[in-house]
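Asker: Compact mmCIF, C-alpha atoms, saved as start-v4.txt, coming up:
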# COMPACT_ATOMS: atom_id res chain seq x y z
CA MET A 1 0.00 0.00 0.00
CA SER A 2 1.29 3.45 -0.82
CA ALA A 3 0.16 6.95 -0.07
CA THR A 4 1.00 10.46 -1.24
CA PRO A 5 1.05 12.82 1.74
CA HIS A 6 1.51 15.98 -0.38
CA GLU A 7 0.35 15.72 -3.99
CA GLU A 8 1.90 19.00 -5.25
CA LEU A 9 5.40 17.87 -4.35
CA HIS A 10 4.87 14.16 -5.00
CA VAL A 11 5.92 13.09 -1.53
CA ASP A 12 5.40 9.33 -1.56
CA LEU A 13 5.41 6.86 1.33
CA ASP A 14 4.92 3.10 0.97
CA LEU A 15 3.23 1.44 3.97
CA LEU A 16 4.66 -1.92 2.85
CA VAL A 17 2.21 -4.34 4.51
CA ASP A 18 -1.48 -5.08 4.11
CA ARG A 19 -4.08 -4.13 6.69
CA TRP A 20 -3.07 -0.50 6.98
CA LEU A 21 -6.22 1.62 6.68
CA PRO A 22 -5.53 5.19 5.53
CA LEU A 23 -8.01 7.41 7.35
CA PRO A 24 -10.44 9.45 5.28
CA PRO A 25 -9.65 13.14 4.80
CA PRO A 26 -11.08 15.66 7.27
CA GLY A 27 -14.64 16.51 6.34
CA ALA A 28 -15.40 13.07 4.92
CA ASP A 29 -18.28 10.89 6.10
CA VAL A 30 -16.28 9.10 8.78
CA GLU A 31 -19.28 7.25 10.20
CA THR A 32 -19.92 5.47 6.92
CA TRP A 33 -16.21 4.84 6.38
CA ALA A 34 -15.73 3.30 9.83
CA PHE A 35 -18.85 1.15 9.57
CA ASP A 36 -17.95 -0.15 6.10
CA ALA A 37 -14.29 -0.78 6.98
CA ALA A 38 -15.14 -2.63 10.21
CA ALA A 39 -17.81 -4.74 8.48
CA GLU A 40 -15.46 -5.65 5.63
CA LEU A 41 -12.61 -6.69 7.94
CA GLY A 42 -15.00 -8.62 10.16
CA GLU A 43 -16.24 -10.54 7.14
CA ILE A 44 -12.75 -11.16 5.75
CA ASP A 45 -11.52 -12.47 9.10
CA GLY A 46 -14.68 -14.40 9.90
CA GLN A 47 -15.02 -12.40 13.12
CA PRO A 48 -18.45 -10.72 13.02
CA ASP A 49 -18.51 -10.34 16.81
CA ALA A 50 -15.58 -7.92 16.57
CA VAL A 51 -17.25 -5.49 14.16
CA ALA A 52 -18.96 -3.23 16.72
CA ARG A 53 -15.81 -2.69 18.80
CA LEU A 54 -13.65 -2.14 15.72
CA ASN A 55 -16.19 0.35 14.37
CA GLU A 56 -15.89 2.35 17.60
CA GLN A 57 -12.10 2.31 17.41
CA LEU A 58 -12.02 3.46 13.79
CA LEU A 59 -14.46 6.25 14.57
CA LEU A 60 -12.21 7.41 17.42
CA TRP A 61 -9.23 7.69 15.12
CA ALA A 62 -11.13 9.16 12.17
CA ARG A 63 -12.64 11.91 14.34
CA ASP A 64 -9.30 12.94 15.84
CA PRO A 65 -9.07 16.71 15.23
CA GLY A 66 -5.28 16.44 15.24
CA ARG A 67 -5.41 14.77 11.83
CA ALA A 68 -5.87 18.18 10.24
CA ASP A 69 -2.13 18.72 10.74
CA HIS A 70 -1.18 15.41 9.08
CA ASP A 71 -0.68 14.80 5.39
CA LEU A 72 -1.16 11.07 5.97
CA ALA A 73 -2.74 9.12 8.81
CA ALA A 74 -3.31 5.36 8.87
CA VAL A 75 -4.10 2.63 11.39
CA LEU A 76 -2.88 -0.96 11.32
CA VAL A 77 -5.57 -3.61 11.95
CA PRO A 78 -4.01 -7.10 11.71
CA GLU A 79 -7.31 -8.77 12.64
CA ALA A 80 -10.78 -7.49 13.38
CA GLN A 81 -10.66 -8.94 16.91
CA VAL A 82 -7.26 -7.36 17.56
CA GLY A 83 -8.51 -3.96 16.46
CA VAL A 84 -6.25 -0.96 15.98
CA TYR A 85 -2.73 -2.20 16.67
CA ALA A 86 -0.56 0.70 15.53
CA TRP A 87 -0.92 4.21 14.18
CA LEU A 88 1.18 6.07 11.63
CA THR A 89 1.26 9.69 10.56
CA ALA A 90 3.33 11.75 8.16
CA ALA A 91 3.44 15.51 7.99
CA GLN A 92 5.48 18.26 6.44
CA LEU A 93 6.86 20.73 8.95
CA SER A 94 7.42 24.31 7.88
CA GLU A 95 10.25 26.45 9.20
CA ALA A 96 12.35 23.36 9.69
CA PRO A 97 16.02 23.49 10.73
CA ALA A 98 18.41 23.65 7.83
CA THR A 99 20.83 21.07 9.25
CA VAL A 100 20.51 17.60 10.70
CA VAL A 101 22.38 18.75 13.83
CA GLN A 102 19.65 21.31 14.53
CA LEU A 103 17.04 18.68 13.78
CA GLU A 104 18.62 16.37 16.36
CA GLN A 105 18.41 19.13 18.95
CA ILE A 106 14.67 19.34 18.36
CA ALA A 107 14.35 15.55 18.55
CA ARG A 108 16.12 15.48 21.91
CA SER A 109 13.76 18.14 23.28
CA VAL A 110 10.68 15.92 22.81
CA ALA A 111 9.42 14.64 26.16
CA HIS A 112 9.55 10.88 26.74
CA VAL A 113 8.98 8.59 29.69
CA GLY A 114 12.53 7.62 30.54
CA GLU A 115 15.37 8.00 28.07
CA ALA A 116 14.74 7.77 24.33
CA GLU A 117 17.13 6.54 21.68
CA VAL A 118 18.15 9.43 19.41
CA SER A 119 20.47 9.05 16.44
CA GLN A 120 21.32 10.53 13.08
CA VAL A 121 20.56 7.90 10.46
CA PRO A 122 20.55 9.02 6.81
CA LEU A 123 17.69 7.80 4.65
CA PRO A 124 17.55 7.54 0.86
CA ALA A 125 15.33 10.65 0.89
CA GLY A 126 17.87 12.73 2.78
CA PRO A 127 19.56 13.38 6.14
CA ALA A 128 17.41 12.22 9.05
CA VAL A 129 17.12 11.88 12.80
CA ARG A 130 15.45 8.85 14.39
CA THR A 131 14.04 8.52 17.88
CA ARG A 132 12.55 5.53 19.67
CA GLY A 133 11.02 5.81 23.10
CA ILE A 134 7.99 5.66 25.36
CA ARG A 135 5.64 8.60 25.71
CA ALA A 136 2.52 9.40 27.64
CA ALA A 137 -0.47 8.91 25.35
CA ASP A 138 -3.25 11.39 24.82
CA ARG A 139 -6.28 10.13 26.69
CA ASP A 140 -8.33 10.21 23.48
CA ASP A 141 -5.89 8.40 21.21
CA GLY A 142 -7.27 4.96 21.94
CA LEU A 143 -3.93 3.34 22.72
CA GLY A 144 -3.88 3.51 26.50
CA GLU A 145 -1.74 5.38 29.01
CA LEU A 146 1.67 4.77 27.42
CA VAL A 147 2.73 4.18 23.85
CA GLU A 148 6.03 3.26 22.27
CA GLN A 149 6.95 5.13 19.15
CA VAL A 150 9.53 5.50 16.43
CA ARG A 151 9.73 8.95 14.95
CA TRP A 152 11.74 10.14 11.97
CA TRP A 153 12.54 13.71 10.99
CA VAL A 154 13.83 13.86 7.42
CA LEU A 155 15.36 16.73 5.42
CA PRO A 156 14.72 15.88 1.75
CA PRO A 157 16.82 18.25 -0.38
CA LEU A 158 13.82 19.51 -2.38
CA LEU A 159 12.06 20.55 0.82
CA ALA A 160 15.07 21.63 2.88
CA ALA A 161 16.50 23.98 0.25
CA GLY A 162 15.50 27.61 -0.04
CA PRO A 163 14.58 30.37 2.41
CA ASP A 164 11.70 28.41 3.99
CA PRO A 165 13.05 24.88 4.59
CA GLN A 166 10.64 22.08 5.39
CA SER A 167 11.14 18.64 6.86
CA VAL A 168 9.00 15.51 6.84
CA GLU A 169 8.03 13.93 10.14
CA ILE A 170 6.98 10.26 10.15
CA THR A 171 5.69 8.76 13.39
CA MET A 172 4.55 5.23 14.14
CA CYS A 173 3.35 4.22 17.59
CA TRP A 174 1.81 1.24 19.33
CA SER A 175 0.49 0.38 22.77
CA ALA A 176 1.68 -1.96 25.50
CA ALA A 177 -0.57 -4.65 23.99
CA ALA A 178 1.92 -4.87 21.12
CA ALA A 179 5.03 -4.78 23.32
CA HIS A 180 5.94 -8.38 22.48
CA GLU A 181 6.35 -7.27 18.85
CA ALA A 182 7.98 -3.93 19.61
CA ASP A 183 11.23 -4.67 17.78
CA ASP A 184 9.37 -5.94 14.71
CA LEU A 185 7.13 -2.87 14.70
CA ALA A 186 10.14 -0.58 15.09
CA GLU A 187 11.77 -2.32 12.13
CA LEU A 188 8.58 -1.83 10.10
CA ALA A 189 8.58 1.87 10.99
CA ASP A 190 12.19 2.14 9.82
CA ASP A 191 11.42 0.30 6.59
CA ILE A 192 8.45 2.57 5.88
CA ALA A 193 10.52 5.70 6.53
CA ALA A 194 13.13 4.42 4.09
CA THR A 195 10.52 4.45 1.30
CA LEU A 196 10.03 8.21 1.54
CA VAL A 197 10.54 9.82 -1.87
CA VAL A 198 10.19 13.49 -2.80
CA ARG A 199 9.90 14.25 -6.50
CA PRO A 200 9.51 17.56 -8.33
CA VAL A 201 6.20 18.30 -10.03
CA GLU A 202 6.44 17.39 -13.70
Would you mind writing the file's structure down as structure tokens?
Answerer:
Amino acid sequence: MSATPHEELHVDLDLLVDRWLPLPPPGADVETWAFDAAAELGEIDGQPDAVARLNEQLLLWARDPGRADHDLAAVLVPEAQVGVYAWLTAAQLSEAPATVVQLEQIARSVAHVGEAEVSQVPLPAGPAVRTRGIRAADRDDGLGELVEQVRWWVLPPLLAAGPDPQSVEITMCWSAAAAHEADDLAELADDIAATLVVRPVE
């Protein structure tokens, strides 16, 4: 599955695995989307008893007012009974630092529960900073009190150049329920970030 967070600049991100559900754009009929998506997954998985709960979860995510700041938002639903397992967003950030060193300073200023891993790791799309750590969840995000996350800040040359540099922020998080797969999910987040491509408008 692939998505284009910003059509004008052809910023592409491949979500790599099935069962990611890109959320509908703000203003869409989220009630119908959530109902149809939950019913379809319940039928595919042969788990009709899970449809009502999954519908509620999808509505929670789709109604999140914070999505207005994201170019891409998607939830991972491995099975209907499991429900929303992970959450991924991508956004372009204006007035971004011009160097990866400055970007790392911003990354280190983000509050975490305990100490987070912070490192400069270049991606094919450009210089980048990666963090992995635990943070306190928003009470309305549906993932519980604490979530683990991997976050990437990337400086693609086409966005970072010029008087108003921009970066791309990619965040994937999951709850304690997925802790036994934390390393696999972190690897998936890294693999997805590595697919970021920024192309000029033709």
Asker: What's the separation between atom CA of Glu148 of chain A and atom CA of His112 of chain A, in Å to one decimal place?
Answerer: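 Atom CA of His112 of chain A lies 9.5 Å from atom CA of Glu148 of chain A.
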Asker: Leaving out Ala193 of chain A and any residue of its chain fewer than 2 positions from it, which residues lie within 9 Å of it when counting only C-alpha atoms, given as a PyMOL selection string?
Answerer: chain A and resi 13-15+123+125+152+154+170-171+188-191+195-196
Asker: Which one is closest to Arg132 of chain A: A:Asp36, A:Glu31, A:Asp183, A:Asp71? Count all atoms listed in the file.
Answerer: A:Asp183
Asker: So which one's closest to Trp20 of chain A, A:Val168, A:Ala128, A:Ala178, A:Ile192? Using only C-alpha atoms, please.
Answerer: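 For Trp20 of chain A, the nearest of the candidates is A:Ile192.
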Asker: Give me the segment 157-189 of chain A side of the contact with segment 90-108 of chain A, cut-off 12 Å, one line per residue showing its nearest atom pair and distance in Å at one decimal, counting all atoms listed in the file, sorted by chain and residue number, as CSV.
Answerer:
residue,atom,partner,partner_atom,distance
A:Pro157,CA,A:Ala98,CA,10.0
A:Leu158,CA,A:Ala98,CA,11.9
A:Leu159,CA,A:Gln92,CA,9.0
A:Ala160,CA,A:Ala98,CA,6.3
A:Ala161,CA,A:Ala98,CA,7.8
A:Gly162,CA,A:Ala98,CA,9.3
A:Pro163,CA,A:Glu95,CA,9.0
A:Asp164,CA,A:Glu95,CA,5.8
A:Pro165,CA,A:Ala96,CA,5.4
A:Gln166,CA,A:Ser94,CA,4.6
A:Ser167,CA,A:Leu93,CA,5.2
A:Val168,CA,A:Gln92,CA,4.5
A:Glu169,CA,A:Ala91,CA,5.3
A:Ile170,CA,A:Ala90,CA,4.4
A:Thr171,CA,A:Ala90,CA,6.5
A:Met172,CA,A:Ala90,CA,8.9
A:Ala189,CA,A:Ala90,CA,11.5
Asker: In Å to one decimal, how far is atom CA of Leu59 of chain A from atom CA of Arg151 of chain A?
Answerer: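 Atom-to-atom, atom CA of Arg151 of chain A to atom CA of Leu59 of chain A, that is 24.3 Å.
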Asker: If you count all atoms listed in the file, which residues fall within 12 Å of Gln47 of chain A, apart from same-chain ones fewer than 5 positions away, as a PDB file with C-alpha atoms, in the coordinates of the input?
Answerer:
ATOM      1  CA  ALA A  38     -15.140  -2.630  10.210  1.00  0.00           C
ATOM      2  CA  ALA A  39     -17.810  -4.740   8.480  1.00  0.00           C
ATOM      3  CA  GLU A  40     -15.460  -5.650   5.630  1.00  0.00           C
ATOM      4  CA  LEU A  41     -12.610  -6.690   7.940  1.00  0.00           C
ATOM      5  CA  GLY A  42     -15.000  -8.620  10.160  1.00  0.00           C
ATOM      6  CA  ALA A  52     -18.960  -3.230  16.720  1.00  0.00           C
ATOM      7  CA  ARG A  53     -15.810  -2.690  18.800  1.00  0.00           C
ATOM      8  CA  LEU A  54     -13.650  -2.140  15.720  1.00  0.00           C
ATOM      9  CA  GLU A  79      -7.310  -8.770  12.640  1.00  0.00           C
ATOM     10  CA  ALA A  80     -10.780  -7.490  13.380  1.00  0.00           C
ATOM     11  CA  GLN A  81     -10.660  -8.940  16.910  1.00  0.00           C
ATOM     12  CA  VAL A  82      -7.260  -7.360  17.560  1.00  0.00           C
ATOM     13  CA  GLY A  83      -8.510  -3.960  16.460  1.00  0.00           C
TER      14      GLY A  83
END
Asker: Of the residues A:Thr32, A:Pro26, A:His180, A:Asp45, which is the one nearest to Pro65 of chain A, using all atoms listed in the file?
Answerer: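 The closest residue to Pro65 of chain A is A:Pro26.
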Asker: Would you work out the distance separating atom CA of Pro156 of chain A from atom CA of Pro122 of chain A, expressed in Å to one decimal?
Answerer: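 Between atom CA of Pro156 of chain A and atom CA of Pro122 of chain A the gap works out to 10.3 Å.
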Asker: Please determine, counting only C-alpha atoms, which residue among A:Ala73, A:Val11, A:Val129, A:Ala62 has the shortest atom-to-atom distance to Ala28 of chain A.
Answerer: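 Among the listed residues, the smallest separation from Ala28 of chain A belongs to A:Ala62.
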Asker: I need the residue nearest Leu72 of chain A from this list: A:Val110, A:Leu155, A:Leu23, A:Ala182. Use only C-alpha atoms for the distance.
Answerer: A:Leu23
